[in-house]
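These notes concern the structure reproduced below.
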Amino acid sequence: MFELDHLMIEVDDPQHAANHVSETLGLPLAWPLTEKDEYTSIGVNFGDINIEFIRFRVRFGIQGQRFNGLSGVALKTEASVETVTTQLDQSGLSYRIGETCEAHTTLPIEENQLFPTVFVVKYHFNTSGWLQRLQKDFTECQGGKFHITRLQSLSISPPKTPLHAANLLPLHFGESNRITFESRHDEETVIVDLIENLEVVIMPRKQQQ
């Protein structure tokens, strides 16, 4: 029911952070700088996942806090909001309706136990054209400087991991926050200082076999 959609990175200057990651890795932007009353946001296109750099004025997830680095994992769904809430109820997971607007609805899950905050996003428009444009841009840049081909896995390190969340959500739970990509590059690369609170691992395709 759920697929990884994007990661949320809290920063003081989203434009600067996104440009730095985009230029370092040779990847295109997923969307330009967007200003809302609640936040400022910009995204970098990593192929089959986007990474969003965001500064909140009114944040969701854990309230009354400021964070730096990885603070959110978005899972997309094709199901209706009603179907999602029924599934979460049946699984015994706590949730609430977060941001609701014309474009999407978000539902933070187990936000008092899971950090980075995990939330479901239901888009209220046909995303096929946008996804095709993202894929076209990613193909044209040939996966960037490290020739990334696809997302392999995402592992997060929450302080507590509800077992029923681990069984339902398409995530790995480990000792660190780590995103791993498959690549046509010849050598394994581990980048620990590009995105705060997130290790970026790029592995040669031959090591996946």
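Quick note on naming: the chains in the structure tokens go A, B, ... in the order shown, residues restart at 1 in each chain, and ligands are numbered from 1 in order of appearance.
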Open item on the list: Residues near A:Thr105, anyone? I mean within 12 Å using only C-alpha atoms, not counting same-chain ones fewer than 3 positions away, as number ranges by chain.
Closed with: A: 74-77, 79-82, 84-85, 96-102, 108, 119-125
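For A:Ile195, the set of protein, DNA and RNA residues having any atom at most 8 Å away, when counting only C-alpha atoms and skipping those fewer than 6 positions along the same chain, is Ile9, Val21, Gly69 and Leu70 of chain A.
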Give one line per residue of stretch 47-145 of chain A that approaches stretch 177-181 of chain A to at most 12 Å, naming the two atoms of the closest pair and their distance in Å to one decimal, counting only C-alpha atoms; sort by chain then ascending residue number and deliver it as JSON lines.
```
{"residue": "A:Gly47", "atom": "CA", "partner": "A:Phe181", "partner_atom": "CA", "distance": 9.9}
{"residue": "A:Asp48", "atom": "CA", "partner": "A:Phe181", "partner_atom": "CA", "distance": 10.0}
{"residue": "A:Ile49", "atom": "CA", "partner": "A:Phe181", "partner_atom": "CA", "distance": 10.3}
{"residue": "A:Asn50", "atom": "CA", "partner": "A:Ile179", "partner_atom": "CA", "distance": 11.7}
{"residue": "A:Ile51", "atom": "CA", "partner": "A:Ile179", "partner_atom": "CA", "distance": 10.8}
{"residue": "A:Gly69", "atom": "CA", "partner": "A:Asn177", "partner_atom": "CA", "distance": 10.4}
{"residue": "A:Leu70", "atom": "CA", "partner": "A:Asn177", "partner_atom": "CA", "distance": 8.1}
{"residue": "A:Ser71", "atom": "CA", "partner": "A:Asn177", "partner_atom": "CA", "distance": 10.2}
{"residue": "A:Gly72", "atom": "CA", "partner": "A:Asn177", "partner_atom": "CA", "distance": 11.1}
{"residue": "A:Val73", "atom": "CA", "partner": "A:Asn177", "partner_atom": "CA", "distance": 10.9}
{"residue": "A:Phe115", "atom": "CA", "partner": "A:Asn177", "partner_atom": "CA", "distance": 10.3}
{"residue": "A:Pro116", "atom": "CA", "partner": "A:Asn177", "partner_atom": "CA", "distance": 8.8}
{"residue": "A:Gly143", "atom": "CA", "partner": "A:Phe181", "partner_atom": "CA", "distance": 10.5}
```
TODO: Could you pull out the residues in stretch 17-188 of chain A that DSSP calls strand (DSSP E or B) from the backbone, as number ranges by chain?
DONE: A: 29-35, 39-45, 50-56, 69-76, 95, 100, 104-109, 117-123, 148-156, 172-173, 178-183
Open item on the list: Which residues are close to A:Glu38, i.e. within 7 Å by only C-alpha atoms, leaving aside same-chain residues fewer than 3 positions away? Reply as number ranges by chain.
Closed with: A: 56-58
TODO: Could you jot down the atom CA of A:Arg184 to atom CA of A:His147 separation for me, Å, one decimal place?
DONE: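 Atom CA of A:His147 lies at a distance of 5.4 Å from atom CA of A:Arg184.
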TODO: From stretch 3-194 of chain A, collect each residue whose DSSP state is helix (DSSP H, G or I) and return the set as a PyMOL selection string.
DONE: chain A and resi 14-25+81-91+128-140+144-146+163-168
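Here the question is which of A:Ala18, A:Val11, A:Leu131, A:Met1 gets nearest to A:Glu78 using only C-alpha atoms, and that residue is A:Met1.
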Task: Counting only C-alpha atoms, the option among A:Leu198, A:Leu33, A:Val192, A:Met203 closest to A:Thr149 - done: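 The closest residue to A:Thr149 is A:Met203.
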Counting only C-alpha atoms, what is within 12 Å of A:Asp137, bar same-chain residues fewer than 4 positions away, as a PDB file with N, CA and C atoms, in the first residue's frame?
```pdb
ATOM      1  N   GLY A  26      25.688  16.265  -9.055  1.00  0.00           N
ATOM      2  CA  GLY A  26      25.339  16.390 -10.468  1.00  0.00           C
ATOM      3  C   GLY A  26      23.918  15.969 -10.772  1.00  0.00           C
ATOM      4  N   LEU A  27      23.004  16.246  -9.849  1.00  0.00           N
ATOM      5  CA  LEU A  27      21.611  15.835 -10.003  1.00  0.00           C
ATOM      6  C   LEU A  27      20.711  17.050 -10.205  1.00  0.00           C
ATOM      7  N   PRO A  28      19.587  16.881 -10.930  1.00  0.00           N
ATOM      8  CA  PRO A  28      18.684  18.005 -11.183  1.00  0.00           C
ATOM      9  C   PRO A  28      17.750  18.262 -10.007  1.00  0.00           C
ATOM     10  N   LEU A  29      17.151  19.435 -10.002  1.00  0.00           N
ATOM     11  CA  LEU A  29      16.124  19.729  -9.014  1.00  0.00           C
ATOM     12  C   LEU A  29      14.840  18.991  -9.369  1.00  0.00           C
ATOM     13  N   ALA A  30      14.111  18.580  -8.328  1.00  0.00           N
ATOM     14  CA  ALA A  30      12.803  17.944  -8.524  1.00  0.00           C
ATOM     15  C   ALA A  30      11.704  18.997  -8.630  1.00  0.00           C
ATOM     16  N   TRP A  31      11.826  20.055  -7.849  1.00  0.00           N
ATOM     17  CA  TRP A  31      10.922  21.203  -7.952  1.00  0.00           C
ATOM     18  C   TRP A  31      11.673  22.437  -7.477  1.00  0.00           C
ATOM     19  N   VAL A  44      15.471  17.887  -4.600  1.00  0.00           N
ATOM     20  CA  VAL A  44      16.497  17.364  -5.505  1.00  0.00           C
ATOM     21  C   VAL A  44      16.057  15.982  -5.981  1.00  0.00           C
ATOM     22  N   ASN A  45      16.213  15.737  -7.274  1.00  0.00           N
ATOM     23  CA  ASN A  45      15.755  14.527  -7.945  1.00  0.00           C
ATOM     24  C   ASN A  45      16.845  13.450  -7.897  1.00  0.00           C
ATOM     25  N   PHE A  46      16.596  12.376  -7.122  1.00  0.00           N
ATOM     26  CA  PHE A  46      17.517  11.250  -7.032  1.00  0.00           C
ATOM     27  C   PHE A  46      17.016  10.047  -7.840  1.00  0.00           C
ATOM     28  N   GLY A  47      16.154  10.278  -8.803  1.00  0.00           N
ATOM     29  CA  GLY A  47      15.661   9.180  -9.632  1.00  0.00           C
ATOM     30  C   GLY A  47      14.336   8.663  -9.146  1.00  0.00           C
ATOM     31  N   ASP A  48      14.339   7.576  -8.368  1.00  0.00           N
ATOM     32  CA  ASP A  48      13.067   7.035  -7.875  1.00  0.00           C
ATOM     33  C   ASP A  48      12.743   7.505  -6.466  1.00  0.00           C
ATOM     34  N   TRP A 130       4.206  14.591 -13.966  1.00  0.00           N
ATOM     35  CA  TRP A 130       5.316  15.045 -13.130  1.00  0.00           C
ATOM     36  C   TRP A 130       6.379  13.951 -13.008  1.00  0.00           C
ATOM     37  N   LEU A 131       5.952  12.712 -12.784  1.00  0.00           N
ATOM     38  CA  LEU A 131       6.892  11.604 -12.658  1.00  0.00           C
ATOM     39  C   LEU A 131       7.659  11.371 -13.955  1.00  0.00           C
ATOM     40  N   GLN A 132       6.982  11.526 -15.086  1.00  0.00           N
ATOM     41  CA  GLN A 132       7.660  11.379 -16.377  1.00  0.00           C
ATOM     42  C   GLN A 132       8.711  12.465 -16.563  1.00  0.00           C
ATOM     43  N   ARG A 133       8.392  13.683 -16.135  1.00  0.00           N
ATOM     44  CA  ARG A 133       9.355  14.774 -16.242  1.00  0.00           C
ATOM     45  C   ARG A 133      10.550  14.526 -15.345  1.00  0.00           C
ATOM     46  N   CYS A 141      20.652  13.472 -17.088  1.00  0.00           N
ATOM     47  CA  CYS A 141      21.884  13.742 -16.334  1.00  0.00           C
ATOM     48  C   CYS A 141      22.670  12.453 -16.087  1.00  0.00           C
ATOM     49  N   GLN A 142      22.164  11.315 -16.586  1.00  0.00           N
ATOM     50  CA  GLN A 142      22.819  10.002 -16.485  1.00  0.00           C
ATOM     51  C   GLN A 142      23.112   9.596 -15.039  1.00  0.00           C
ATOM     52  N   GLY A 143      22.176   9.942 -14.161  1.00  0.00           N
ATOM     53  CA  GLY A 143      22.335   9.565 -12.751  1.00  0.00           C
ATOM     54  C   GLY A 143      23.360  10.390 -12.008  1.00  0.00           C
ATOM     55  N   GLY A 144      23.762  11.515 -12.579  1.00  0.00           N
ATOM     56  CA  GLY A 144      24.694  12.403 -11.891  1.00  0.00           C
ATOM     57  C   GLY A 144      26.130  11.924 -11.957  1.00  0.00           C
TER      58      GLY A 144
END
```
- [ ] Can you work out which one of A:Gly129, A:Pro14, A:Gly43, A:Pro158 has the shortest atom-to-atom distance to A:Asn197, counting only C-alpha atoms?
- [x]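 Among the listed residues, the smallest separation from A:Asn197 belongs to A:Pro158.
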